[in-house]
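Enquirer: Sending over a structure as structure tokens; questions will come in a sec.
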Amino acid sequence: MVKIRLRRIGRKKLPIYQLVATDARERRDGKFIEDLGRYEPTKRPHSVMLKEDRVAYWLGVGAQPTSTARSVISGTGLLLKLYLKKKGKSEDEVNAEMEKWAKKRAEGLKRRMARKSIRRKAKKDAEAKAKEAKEAPAA
């Protein structure tokens with residue numbers, strides 16, 4: 001059985017993963033059939049580069065992605081695109097849906113980043129307040 005999974009490369013504490021098609025019996029970092037792309041989780045935002053046509057080919061011939069590989073692939077929108085094509089949508093309809101998906105995803109990312117910055121600011125303010133309170137009784 002052919003699996004699409006992540007193969008760890010990179011150095012200690014700085015992982016980079018290759019998305020590969022491999023026999024399910026092979027070791028995680030063992031030999032593989034084909035390199036399908038890269039995933040760099042340490043970059044902000046995460047970097048994902050896929051050979052979409054080859055991933056689509058392997059999914060089409062029955063390769064099973066692992067859960068992590070599936071989430072990496074779906075994060076690029078490729079699974080949605082393949083699903084829409086399978087349902088018989090025209091190329092224009094698929095492109096329109098993908099644009100809507102990309103816009104929605106960008107808005108969500110923007111919202112998450114705003115939420116993060118608010119949390120960071122609140123934490124920084126709380127630390128400053130705690131430090132100020134600690135110094136006040138000592139004086």
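Ligands are numbered from 1 in the order shown, chains are lettered A, B, ... in the order of the structure tokens, and residues start at 1 in each chain.
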Using backbone DSSP assignments, extract all strand (DSSP E) residues from chain A; output them as an NGL selection string.

Expert: :A and (2-11 or 14-23 or 34-40 or 47-50 or 64-65)

Enquirer: I want to know what sits within 10 Å of Ala56 in chain A, based on only C-alpha atoms, with residues of the same chain fewer than 2 positions away left out; could you give that as a list in words?

Expert: Leu36, Lys51, Glu52, Asp53, Arg54, Trp58, Leu59, Gly60, Val61, Ala63, Leu78, Leu79, Lys81 and Leu82 of chain A

Enquirer: Output C-alpha atoms for every residue in the selection just made, as a compact mmCIF listing (two decimals), in the first residue's frame.

Expert:
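So the final result, stored in out.txt, reads:
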# COMPACT_ATOMS: atom_id res chain seq x y z
CA LEU A 36 5.84 15.56 -3.52
CA LYS A 51 3.77 19.57 -6.56
CA GLU A 52 -0.01 19.69 -6.86
CA ASP A 53 -0.25 17.64 -10.05
CA ARG A 54 1.81 14.81 -8.53
CA TRP A 58 -1.01 9.76 -6.19
CA LEU A 59 -4.34 10.45 -4.52
CA GLY A 60 -6.05 9.44 -7.77
CA VAL A 61 -4.30 6.07 -7.91
CA ALA A 63 -2.37 6.46 -2.12
CA LEU A 78 -5.80 20.96 -2.94
CA LEU A 79 -8.26 18.47 -1.43
CA LYS A 81 -10.08 21.50 -5.51
CA LEU A 82 -9.94 17.75 -6.22

Enquirer: Write out as a ChimeraX atom specification all residues of range 9-93 of chain A that DSSP puts in alpha helix (DSSP H) for this structure's backbone.

Expert: /A:52-60,67-75,78-86,91-93

Enquirer: Counting only C-alpha atoms, what is within 9 Å of Arg28 in chain A, bar same-chain residues fewer than 3 positions away, as number ranges by chain?

Expert: A: 5-8, 31

Enquirer: Return the single residue from A:Arg70, A:Lys110, A:Lys85, A:Arg27 that is closest to Pro45 in chain A, with distances computed using only C-alpha atoms.

Expert: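 Result for the nearest residue to Pro45 in chain A: A:Lys110.
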
Enquirer: Could you produce a table of the residues of range 38-115 of chain A lying within 10 Å of range 15-24 of chain A, with the nearest pair of atoms per residue and their separation in Å rounded to one decimal, using only C-alpha atoms, ordered by chain and increasing residue number, as CSV?

Expert:
residue,atom,partner,partner_atom,distance
A:Arg38,CA,A:Gln18,CA,4.5
A:Tyr39,CA,A:Tyr17,CA,5.1
A:Glu40,CA,A:Ile16,CA,4.9
A:Pro41,CA,A:Ile16,CA,6.9
A:Thr42,CA,A:Pro15,CA,7.2
A:Lys43,CA,A:Ile16,CA,9.7
A:Ser47,CA,A:Ile16,CA,9.7
A:Val48,CA,A:Tyr17,CA,9.6
A:Met49,CA,A:Leu19,CA,9.2
A:Leu50,CA,A:Leu19,CA,7.9
A:Lys51,CA,A:Leu19,CA,9.6
A:Arg54,CA,A:Ala21,CA,9.6
A:Val55,CA,A:Ala21,CA,8.5
A:Trp58,CA,A:Ala21,CA,7.5
A:Leu59,CA,A:Ala21,CA,9.7
A:Ala63,CA,A:Ala21,CA,7.6
A:Gln64,CA,A:Ala21,CA,9.1
A:Pro65,CA,A:Ala21,CA,8.7
A:Ala69,CA,A:Leu19,CA,7.2
A:Val72,CA,A:Leu19,CA,9.0
A:Ile73,CA,A:Leu19,CA,9.2

Enquirer: Name all residues at most 12 Å from range 102-105 of chain A (count only C-alpha atoms; drop same-chain ones fewer than 5 positions away) and give them as a list of chain:residue names.

Expert: A:Ser74, A:Gly75, A:Thr76, A:Gly77, A:Leu78, A:Leu80, A:Lys81, A:Asn95, A:Ala96, A:Glu97, A:Lys110, A:Arg111, A:Arg112

Enquirer: To one decimal place, how far is CA of Gly108 in chain A from CA of Ser71 in chain A in Å?

Expert: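 Between CA of Gly108 in chain A and CA of Ser71 in chain A the gap works out to 16.5 Å.
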